[in-house]
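Q: The structure under discussion is supplied below as structure tokens; questions concerning it will follow.
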Amino acid sequence: MQDRYIYIYGRHTVREALTHRPDTVHALYIRDDAREVISQSLRQTAPCVEYFSGKKVPVSLDEGVVHQGVIAKLDRHALLTSYEAFMAETIFQSDTAVAVLGELHDPHNVGAIIRSAAAFGVSAVMVPKHRQASISAAVLKVSVGMGFRVPLIEVGNVNRTLKDLQNAGCFVYGLAGDESTATPLSAEQFTKPSVFVIGNEGEGLREKTREHCDTLLAIPMHKRAESLNAGVSAAVTFYAWSTQHPGALQG
């Protein structure tokens, strides 16, 4: 079972949390020489603020973490939006896109996808509960705090989720590398609300998940490049979608 509370770190990441999702922050730890990094008004949003000095931090962090003198205790449950609430509140339109993670294991890929989703106007990132890198301090650090701006939706079953999204009028695309049977990304017209499923780094999309996709997309590449990693593939795809939906960048 995933821990409910995690410790996030880094000046920018913690500022993003306090600015955009202060409800998720339970405690703030600031080194004496970093007090000016977090404004007093932001510090006041945290229920508890503790100051420390020197190299020893008052909480347990992974070895090698560069915290820059700023750490926050985060409620992971509060950060994740419920699937039921998202589906009930969202009006799916042609300018709507959703990313669905398909059992990604590398937190750096997950964080990069969240960052790209924010950059290109994707409405939400759906994260499976099982067999998936969880929303962690490393994920939020790599996302440069965009995990506090893009809704993160926890889902129990990816294939059932895709069916629900199709019933809501969405068109589901599976990112399938450079497969010859897939539609080239540059040739696709994104006329419906779009769902992009990003598969596992090593195995790609699961067979059952492929069957739930309306279309598989391939990114045309020079023959000298075998493939792109999941985070880069997602960024390229989101960008291609956003060029056809400039309104999504205005929100």
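By order in the structure tokens, chains are A, B, ...; within a chain, residues start at 1; ligands start at 1, following the order shown.
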Using only C-alpha atoms, what does the table of range 7-56 of chain A residues within 12 Å of range 150-166 of chain A look like, with each row giving the shortest atom pair and its distance in Å to one decimal, sorted by chain and ascending number, as JSON lines?
A:
{"residue": "A:Glu16", "atom": "CA", "partner": "A:Val150", "partner_atom": "CA", "distance": 11.6}
{"residue": "A:Ala17", "atom": "CA", "partner": "A:Val150", "partner_atom": "CA", "distance": 11.8}
{"residue": "A:His20", "atom": "CA", "partner": "A:Val150", "partner_atom": "CA", "distance": 10.1}
{"residue": "A:Arg21", "atom": "CA", "partner": "A:Val150", "partner_atom": "CA", "distance": 10.7}
Q: Name the residues of range 41-200 of chain A that come out as alpha helix (DSSP H) in a backbone DSSP run; write them as an MDAnalysis selection string.
A: chainID A and resid 41:43 76:79 83:89 107:119 137:142 158:167
Q: Using only C-alpha atoms, please write the residues we just selected to a file, as a PDB file, in the first residue's frame.
A:
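The file below, part-v6.pdb, is the result:
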ATOM      1  CA  SER A  41       2.317  34.692   2.875  1.00  0.00           C
ATOM      2  CA  LEU A  42       3.029  31.255   1.420  1.00  0.00           C
ATOM      3  CA  ARG A  43       4.446  30.005   4.700  1.00  0.00           C
ATOM      4  CA  ARG A  76      -0.821  12.276  -1.590  1.00  0.00           C
ATOM      5  CA  HIS A  77      -4.502  11.335  -1.214  1.00  0.00           C
ATOM      6  CA  ALA A  78      -5.534  14.984  -1.240  1.00  0.00           C
ATOM      7  CA  LEU A  79      -3.465  15.644  -4.365  1.00  0.00           C
ATOM      8  CA  TYR A  83     -12.017   9.351 -11.057  1.00  0.00           C
ATOM      9  CA  GLU A  84     -15.737   9.617 -10.311  1.00  0.00           C
ATOM     10  CA  ALA A  85     -15.510  13.341  -9.568  1.00  0.00           C
ATOM     11  CA  PHE A  86     -13.484  14.028 -12.703  1.00  0.00           C
ATOM     12  CA  MET A  87     -15.899  12.171 -14.966  1.00  0.00           C
ATOM     13  CA  ALA A  88     -18.906  13.868 -13.386  1.00  0.00           C
ATOM     14  CA  GLU A  89     -17.471  17.376 -13.648  1.00  0.00           C
ATOM     15  CA  PRO A 107       9.217   8.189 -12.175  1.00  0.00           C
ATOM     16  CA  HIS A 108      11.196  10.438 -14.515  1.00  0.00           C
ATOM     17  CA  ASN A 109       8.934   9.481 -17.416  1.00  0.00           C
ATOM     18  CA  VAL A 110       5.839  10.052 -15.298  1.00  0.00           C
ATOM     19  CA  GLY A 111       7.069  13.476 -14.174  1.00  0.00           C
ATOM     20  CA  ALA A 112       8.050  14.429 -17.722  1.00  0.00           C
ATOM     21  CA  ILE A 113       4.617  13.446 -19.049  1.00  0.00           C
ATOM     22  CA  ILE A 114       2.891  15.560 -16.404  1.00  0.00           C
ATOM     23  CA  ARG A 115       5.106  18.511 -17.321  1.00  0.00           C
ATOM     24  CA  SER A 116       4.349  18.089 -21.032  1.00  0.00           C
ATOM     25  CA  ALA A 117       0.633  17.761 -20.305  1.00  0.00           C
ATOM     26  CA  ALA A 118       0.748  21.129 -18.566  1.00  0.00           C
ATOM     27  CA  ALA A 119       2.745  22.708 -21.393  1.00  0.00           C
ATOM     28  CA  ALA A 137       8.483  13.237  -4.586  1.00  0.00           C
ATOM     29  CA  ALA A 138      10.701  12.356  -7.555  1.00  0.00           C
ATOM     30  CA  VAL A 139       7.747  12.524  -9.971  1.00  0.00           C
ATOM     31  CA  LEU A 140       6.699  15.941  -8.686  1.00  0.00           C
ATOM     32  CA  LYS A 141      10.286  17.198  -8.811  1.00  0.00           C
ATOM     33  CA  VAL A 142      10.721  16.129 -12.451  1.00  0.00           C
ATOM     34  CA  VAL A 158      -7.130   1.230 -17.400  1.00  0.00           C
ATOM     35  CA  ASN A 159      -9.240  -0.746 -19.863  1.00  0.00           C
ATOM     36  CA  ARG A 160     -12.490  -0.003 -18.054  1.00  0.00           C
ATOM     37  CA  THR A 161     -11.461   3.646 -17.899  1.00  0.00           C
ATOM     38  CA  LEU A 162     -10.879   3.747 -21.660  1.00  0.00           C
ATOM     39  CA  LYS A 163     -14.348   2.282 -22.239  1.00  0.00           C
ATOM     40  CA  ASP A 164     -15.900   4.941 -19.997  1.00  0.00           C
ATOM     41  CA  LEU A 165     -14.066   7.682 -21.887  1.00  0.00           C
ATOM     42  CA  GLN A 166     -15.254   6.291 -25.213  1.00  0.00           C
ATOM     43  CA  ASN A 167     -18.817   6.256 -23.904  1.00  0.00           C
TER      44      ASN A 167
END
Q: Determine, counting only C-alpha atoms, which protein, DNA and RNA residues have an atom within 12 Å of an atom of Pro47 in chain A; residues of the same chain fewer than 2 positions away are not included. Present the result as a list in words.
A: Leu18, Pro22, Asp23, Thr24, Val25, His26, Ala27, Leu28, Tyr29, Leu42, Arg43, Gln44, Thr45, Val49, Glu50, Ala72, Lys73 and Leu74 of chain A
Q: Could you work out how far CA of Ile219 in chain A lies from CA of Met126 in chain A, giving the answer in Å with one decimal?
A: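 CA of Ile219 in chain A lies 22.0 Å from CA of Met126 in chain A.
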Q: Find, counting only C-alpha atoms, the residue in A:Gln250, A:Thr191, A:Ser53, A:Thr13 that gets nearest to Gln93 in chain A.
A: A:Thr191
Q: One decimal, Å: what's the distance from CA of Leu216 in chain A over to CA of Thr183 in chain A, could you say?
A: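 Interatomic distance here is 6.1 Å.
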Q: From the set A:Val122, A:Thr19, A:Ile91, A:Val59, which residue has the shortest atom-to-atom contact distance to Ser39 in chain A, counting only C-alpha atoms?
A: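 For Ser39 in chain A, the nearest of the candidates is A:Thr19.
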Q: When you count only C-alpha atoms, which of these residues is closest to Ser227 in chain A: A:Ser60, A:Leu185, A:Ala176, A:Ser94?
A: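 Among the listed residues, A:Ala176 lies closest to Ser227 in chain A.
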